[in-house]
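K.L.:
Have a look at the structure that comes next, please.
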Amino acid sequence: MNLATPDAMGVDPAVLRDQLFELWNWKDLTTLHLAAHQGFSKLREPLEAILTILEGCPGKQKGRGHTLGHHVLMEFQTWMQDNPQVSLDAHSDQEALALQHRALGILTDSQNNFIDAVVNIYQLNALDPATLRQHVERLQAFTSYKEAATLSIKLKLQNVVNMEEICVPLILQDKMSLAESFVTGHRHLEERLVTLLDSWCHPSFNAGEIRRQFPHLSLSTHCMSQINAKMLAKRVLRLMEKFNIDSALCPNALHKQRLDSLRFLMYKRFVEKSMIEENWSDHVQSVVADDPELQILLVEMLVKYCGVRKASQWSLRYRIPKYRLPFGVWDAQQTVPQLECVSEPANTAAEWTPPDSHRQRFYQLPLTKEQVHFVDTAEGLQRCRHVALQEGAIVGVDMEWPPTFGCVSAQHVALIQLAVVGQVFLLDLSANSFRQNPDTIAFIRDFFSERKILKLGYGMGGDTKCLLATWQQLSEEPLKMEGVLDLLSVHQKIQRAPASRTRSGPKAVLVGEDSAEKGLSLLVRQILGKPLDKTEQMSNWKKRPLRTSQIRYAAADAYCLLDVYSALSGDPARFGLPADLRAPSSSSSFSSSEKQRDKRAKQKKRNSDNQECQGAQRVSPTRCDAEKGLLCGEKEPPTAAAANAATSLAPQQLRVVCDNMLQGLGRYLRCLGIDVVILENTDDHREAAKLAQEEGRVILTCGQPYQSLRSQVGEGRCLALDCSEKARDQAVRVLRHFNVQPTPSHVFSRCQVCNNDEYLAVPRENMTTMLRQKGFLQDHAQPNSPHQDQEALGDVPTSSATPDLPRYALQCRWAPPSALDPDTLTFPSGAQVQLHAVPPGLLPRIPLFYACTRCGKVFWEGSHFGRVLTQFEDILRLKDEVSDSNGRATPRN
């Protein structure tokens, strides 16, 4: 294509733009490249002309990679490299300033490389900071918060613009990573951001204060959901670690984290009963520490969970004043022996050989106590080095560190276990002198870098992360990892191998739903016949001396790796493994064949899906999800009876996001137990793509947004539906498309308001007390109240039997009673129980209520369940629960 003949003034930028646009529409990028460079050379004022072209390019989003404007700018930047005479320096100061102001005007919605190109070409960094700040403020006024932050970072305006005005909208829009990038490298801004987030963690903080402080922000329900104390506390602690912020600046987040940890410990000990007294006591003392409010709260929780005697023991330990003690604790203190009050649980001198019951149930360490060596001196390290660094040695490696309760990403290792045939070495890293000894660090480097020593581990990624956190030197001079065999990858191959489905395969493939084993414990059960005893897993591994049971557990965790490897390498074909477990070629060929099979299967499924539903992308559970379920012992392998349902999904396995045109569909799916995020009317369609990418969700949409959303999330992650269909029919189509098979027990297993799947069961007696406490229930009946029963509510007879939980009890999570603050009636999420929605007249006939722990909505068993069954009777698996489908009601509010 020939360009228009230039006159004395050069090529008209508008003519060049139209010619390039025509080539762009033809998708002739080669000709467009040549025409652009030829046209740029014929422009009289290239820098001014290119702005005219960009300003006139079709499309609002000039900076996007798929638009003509972006392509033209990238071509112009390339052309300038061959034409260095074209520069802003060739213009007068007044002309240059005018061009810079125009260049700023096109930076409203741009990708990073577009911004970089404009900034470099027009030297925007040289502009007056006040001018740049005004442009950023203009972007904020147009609610372009992301663009304002990105431009501020590119132009290095962090110290010029208002940090809160930039970061608060980003946080509320779930763009925390961009807010972090804005403050990174500016110490005072890092501290201000962390302090701001910590202030939001205060128990008395009200999200309404943000509305008052930033009245111009349009805050949807999704935005306000970001102001969640639990989530914010985790963010504060992560940033405190990332930016190395003084913990004194984060008192609220630290208190919140310790409070949640205390509640978790109470649940593990007294509800789940999976933690022994010694470990529980160690962790409680560490969590409570010297915080008097937490000490008082601990005593109050103990009264609820196990009575006043134990509460009195701990109240004496912390010398809590009498006026702060719960009722009955002071009297119980008078009967507690003084020795009992201060004694510490200890069992360091327990017998090495466990009882017969333990030996029958669990894998046993085949070593005497003398064969387990505790290494905390230079002499002990030298003996360990001599044994572990022998050429050709096979060493089982494991590490222990105290539980973090989700506070920090990586913890310092407290104990390293190295097992060789006939003995185990326990390297004690709790003492700083031994841990930081140059000989200790040198041994760690030598051991892991020696390729002639086979090091066996399981899930070595987490161990390596904590190892690097323990020694900063290993990050400054990277640690070499040679000769490592992670049995986790071997375990995954076993689960995939056809041999694992046969009788000669590993036993744990047949482990049923009642199996509690996961990870290494499951592998040991599969290969050696008995699982590991994980009772001491959550020990406080920093506390010394270690108990006998801790030492035995630590040694067994490392030594079992030797026994498993011996069994696998002795008969690899039985487990569907290559002859040499360590051979990279065998491993790679194995995974390659697996990938080819997966690729062929996916292609076949795509072909069938295209025939079934034109324009829609089908999503099924990935292979790794199925393997993970088997690996953790959470799923039962398909049997002959379940062959037809082998590809079906339970409602909990499908996670979707419904755009704002399908809100009715979202409510129906949520009603059936599916994890659904529903966009608000004010949310942009792009929010669906973001949620799908970050949370692994499938997008449900209809109309024009489908093509755009599908291109953003990729194949198989977006489903288009007919907007003219009723929401109920759309729901049936989605369920059948993904082969989701809900049962009556899934109905209402999620909160219909907020999508939460955790409830607190509130007996009638407690609900009556709460209603009175908040003034919603009077002691005497109101004669004109339509809800009032004939007898006074305070005298309602109650059954001594514990009310049955609803039919969906096994499909959701149940919060412990301690999750609800008895004084404020709020949950850790900050939501208060919505007592105003509970009619007092229900109390005589409803024995049990259910409160959502995220939003505080109260539900009870009503008549709506039957209507849901009627609506979805053609897809609900009623035959599985026929006996129950008519005998129970459903939660209503």
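Naming works like this for the structure tokens: A, B, ... for the chains as they're shown, residue 1 at the start of each chain, ligands 1 onward in shown order.
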Excluding same-chain residues fewer than 4 positions from segment 294-297 of chain A, what lies within 9 Å of it counting only C-alpha atoms, as a list of chain:residue names?

P.N.:
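Those residues are A:His255, A:Arg258, A:Leu259, A:Leu262, A:Val287, A:Val288, A:Ala289, A:Asp290, A:Met301, A:Leu302, A:Trp314, A:Ser315, A:Tyr318, A:Ile320, A:Arg324, A:Leu325, A:Pro326.
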
K.L.:
Could you give me, as a PyMOL selection string, the residues within 10 Å of Leu155 of chain A, counting only C-alpha atoms and dropping anything in the same chain fewer than 2 positions from it?

P.N.:
chain A and resi 115-116+119+124-127+129+132-133+149-153+157-158

K.L.:
Residues as selected, N, CA, C and O atoms, written as an mmCIF file, in the first residue's frame, can you do that?

P.N.:
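Printed below is part_32.cif as written:
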```cif
data_model
loop_
_atom_site.group_PDB
_atom_site.id
_atom_site.type_symbol
_atom_site.label_atom_id
_atom_site.label_comp_id
_atom_site.auth_asym_id
_atom_site.auth_seq_id
_atom_site.Cartn_x
_atom_site.Cartn_y
_atom_site.Cartn_z
ATOM 1 N N ILE A 115 3.159 2.570 29.236
ATOM 2 C CA ILE A 115 3.543 3.690 30.104
ATOM 3 C C ILE A 115 5.038 3.935 30.008
ATOM 4 O O ILE A 115 5.500 5.086 29.877
ATOM 5 N N ASP A 116 5.826 2.858 30.055
ATOM 6 C CA ASP A 116 7.287 3.008 29.982
ATOM 7 C C ASP A 116 7.705 3.703 28.693
ATOM 8 O O ASP A 116 8.584 4.574 28.699
ATOM 9 N N VAL A 119 6.738 7.448 28.853
ATOM 10 C CA VAL A 119 7.598 8.146 29.816
ATOM 11 C C VAL A 119 8.985 8.365 29.233
ATOM 12 O O VAL A 119 9.576 9.454 29.353
ATOM 13 N N LEU A 124 8.923 12.212 30.748
ATOM 14 C CA LEU A 124 7.936 12.695 31.721
ATOM 15 C C LEU A 124 8.509 12.774 33.125
ATOM 16 O O LEU A 124 7.983 13.507 33.970
ATOM 17 N N ASN A 125 9.579 12.027 33.408
ATOM 18 C CA ASN A 125 10.195 12.113 34.734
ATOM 19 C C ASN A 125 10.766 13.491 35.020
ATOM 20 O O ASN A 125 10.995 13.845 36.182
ATOM 21 N N ALA A 126 11.008 14.263 33.963
ATOM 22 C CA ALA A 126 11.595 15.595 34.142
ATOM 23 C C ALA A 126 10.543 16.657 34.436
ATOM 24 O O ALA A 126 10.885 17.810 34.724
ATOM 25 N N LEU A 127 9.264 16.299 34.356
ATOM 26 C CA LEU A 127 8.209 17.269 34.631
ATOM 27 C C LEU A 127 8.180 17.662 36.098
ATOM 28 O O LEU A 127 8.646 16.914 36.969
ATOM 29 N N PRO A 129 7.036 17.822 39.691
ATOM 30 C CA PRO A 129 6.248 16.856 40.472
ATOM 31 C C PRO A 129 4.834 17.316 40.769
ATOM 32 O O PRO A 129 3.919 16.502 40.833
ATOM 33 N N LEU A 132 2.737 16.428 37.797
ATOM 34 C CA LEU A 132 2.485 14.996 37.760
ATOM 35 C C LEU A 132 1.466 14.590 38.825
ATOM 36 O O LEU A 132 0.600 13.745 38.593
ATOM 37 N N ARG A 133 1.584 15.207 39.988
ATOM 38 C CA ARG A 133 0.647 14.884 41.063
ATOM 39 C C ARG A 133 -0.774 15.264 40.664
ATOM 40 O O ARG A 133 -1.727 14.540 40.955
ATOM 41 N N ALA A 149 -2.009 4.493 40.652
ATOM 42 C CA ALA A 149 -0.918 3.862 41.403
ATOM 43 C C ALA A 149 0.216 3.450 40.483
ATOM 44 O O ALA A 149 1.400 3.667 40.784
ATOM 45 N N THR A 150 -0.138 2.855 39.331
ATOM 46 C CA THR A 150 0.898 2.406 38.393
ATOM 47 C C THR A 150 1.720 3.581 37.880
ATOM 48 O O THR A 150 2.957 3.521 37.820
ATOM 49 N N LEU A 151 1.043 4.658 37.514
ATOM 50 C CA LEU A 151 1.751 5.833 37.010
ATOM 51 C C LEU A 151 2.614 6.453 38.105
ATOM 52 O O LEU A 151 3.739 6.904 37.843
ATOM 53 N N SER A 152 2.131 6.462 39.347
ATOM 54 C CA SER A 152 2.920 7.014 40.454
ATOM 55 C C SER A 152 4.205 6.217 40.652
ATOM 56 O O SER A 152 5.273 6.786 40.938
ATOM 57 N N ILE A 153 4.110 4.904 40.500
ATOM 58 C CA ILE A 153 5.302 4.064 40.655
ATOM 59 C C ILE A 153 6.277 4.331 39.510
ATOM 60 O O ILE A 153 7.491 4.476 39.733
ATOM 61 N N LEU A 157 6.583 8.899 42.216
ATOM 62 C CA LEU A 157 5.867 9.964 42.917
ATOM 63 C C LEU A 157 5.419 9.548 44.309
ATOM 64 O O LEU A 157 4.582 10.211 44.917
ATOM 65 N N GLN A 158 5.944 8.441 44.829
ATOM 66 C CA GLN A 158 5.440 7.934 46.110
ATOM 67 C C GLN A 158 5.535 8.954 47.228
ATOM 68 O O GLN A 158 4.677 8.978 48.121
#
```

K.L.:
Residues within 10 Å of Ile171 of chain A, please, as an MDAnalysis selection string. Count only C-alpha atoms; anything in the same chain fewer than 5 positions from it doesn't count.

P.N.:
chainID A and resid 166 176:180 197 223:224 226:227

K.L.:
With distances taken over only C-alpha atoms, which residue among A:Cys852, A:Thr52, A:Gly380, A:Trp26 lies nearest Asp12 of chain A?

P.N.:
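So, comparing all the options, the nearest one is A:Thr52.
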
K.L.:
Nearest residue to Gly462 of chain A out of A:Glu45, A:Glu476, A:Asp246, A:Asp486, using only C-alpha atoms?

P.N.:
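Selected residue with least distance to Gly462 of chain A: A:Asp486.
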
K.L.:
Which neighbours of Lys256 of chain A fall inside 9 Å, counting only C-alpha atoms, when residues of the same chain fewer than 5 positions from it are skipped, and could you give them as a PyMOL selection string?

P.N.:
chain A and resi 201-203+229-230+233+251+261+828

K.L.:
So what do you get for atom CA of Asn766 of chain A versus atom CA of Ile846 of chain A, distance-wise?

P.N.:
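Going from atom CA of Asn766 of chain A over to atom CA of Ile846 of chain A covers 12.1 Å.
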
K.L.:
Need to verify the contact set: Asp684 of chain A, 12 Å, only C-alpha atoms, exclusion of same-chain residues closer than 2 positions in sequence. Can you return it as a list in words?

P.N.:
Gln173, Ser220, His222, Cys658, Asp659, Asn660, Met661, Ile678, Leu679, Glu680, Asn681, Thr682, Arg686, Glu687, Ala688, Ala689, Lys690, Leu691, Pro705 and Leu709 of chain A

K.L.:
Would you pick out the contacts of Asp89 of chain A at 12 Å or less, using only C-alpha atoms, so that residues sharing its chain but fewer than 2 positions from it are not included, and give the list as a list in words?

P.N.:
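The filter keeps Leu47, Pro84, Gln85, Val86, Ser87, His91, Ser92, Asp93, Gln94, Glu95, Ala96, Leu97, Leu99, Ile121, Tyr122, Gln123 and Ala126 of chain A.
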
K.L.:
Which residues are near Leu662 of chain A? Cut-off 12 Å, only C-alpha atoms, ignore same chain within fewer than 2 positions. Put them as a short mmCIF file (atom, residue, chain, number, x, y, z; two decimals) with C-alpha atoms, in the first residue's frame.

P.N.:
```cif
data_model
loop_
_atom_site.label_atom_id
_atom_site.label_comp_id
_atom_site.auth_asym_id
_atom_site.auth_seq_id
_atom_site.Cartn_x
_atom_site.Cartn_y
_atom_site.Cartn_z
CA VAL A 656 -17.78 -20.55 40.14
CA VAL A 657 -18.18 -16.80 39.79
CA CYS A 658 -21.47 -15.49 38.33
CA ASP A 659 -21.34 -12.11 36.64
CA ASN A 660 -23.94 -9.53 37.54
CA GLY A 664 -30.45 -15.41 40.22
CA LEU A 665 -28.50 -18.38 38.92
CA GLY A 666 -25.82 -17.79 41.54
CA ARG A 667 -28.40 -17.93 44.34
CA TYR A 668 -29.83 -21.21 43.05
CA LEU A 669 -26.38 -22.82 42.80
CA VAL A 676 -20.46 -19.24 44.27
CA VAL A 677 -19.20 -15.66 44.18
CA ILE A 678 -21.89 -13.36 42.79
CA LEU A 679 -20.80 -10.02 41.34
CA GLU A 680 -22.67 -6.90 42.37
CA ASN A 681 -24.45 -4.66 39.86
CA HIS A 685 -17.09 -7.88 34.16
CA ALA A 688 -15.01 -12.12 37.16
CA ILE A 699 -16.92 -18.01 35.06
CA LEU A 700 -20.64 -18.24 34.34
CA THR A 701 -21.77 -15.45 32.04
CA CYS A 702 -24.03 -14.65 29.10
CA GLY A 703 -24.07 -12.24 26.19
CA LEU A 719 -19.32 -21.08 30.32
CA ALA A 720 -21.90 -19.08 28.34
CA LEU A 721 -25.59 -19.41 29.23
CA ASP A 722 -28.84 -18.25 27.65
CA CYS A 723 -30.03 -15.05 29.34
CA SER A 724 -33.60 -15.70 28.26
CA GLU A 725 -33.81 -18.86 30.40
CA LYS A 726 -35.15 -18.84 33.91
CA ALA A 727 -32.57 -19.01 36.69
CA ARG A 728 -33.80 -22.46 37.73
CA ASP A 729 -33.33 -23.83 34.19
CA GLN A 730 -29.88 -22.22 33.98
CA ALA A 731 -28.94 -23.94 37.23
#
```

K.L.:
Which residue gives the smallest distance to Ala332 of chain A among A:Arg309, A:Ala141, A:Leu189, A:Val524, with only C-alpha atoms counted?

P.N.:
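The closest residue to Ala332 of chain A is A:Arg309.
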
K.L.:
Return the single residue from A:Ala819, A:Leu415, A:Leu835, A:Ala393 that is closest to Asp260 of chain A, with distances computed using only C-alpha atoms.

P.N.:
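Once distances to Asp260 of chain A are computed over only C-alpha atoms, the minimum belongs to A:Ala819.
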
K.L.:
Can you tell me, as a PyMOL selection string, which residues in segment 431-569 of chain A count as alpha helix (DSSP H) by DSSP?

P.N.:
chain A and resi 432-435+438-449+460-470+473-476+487-496+519-528+548-569
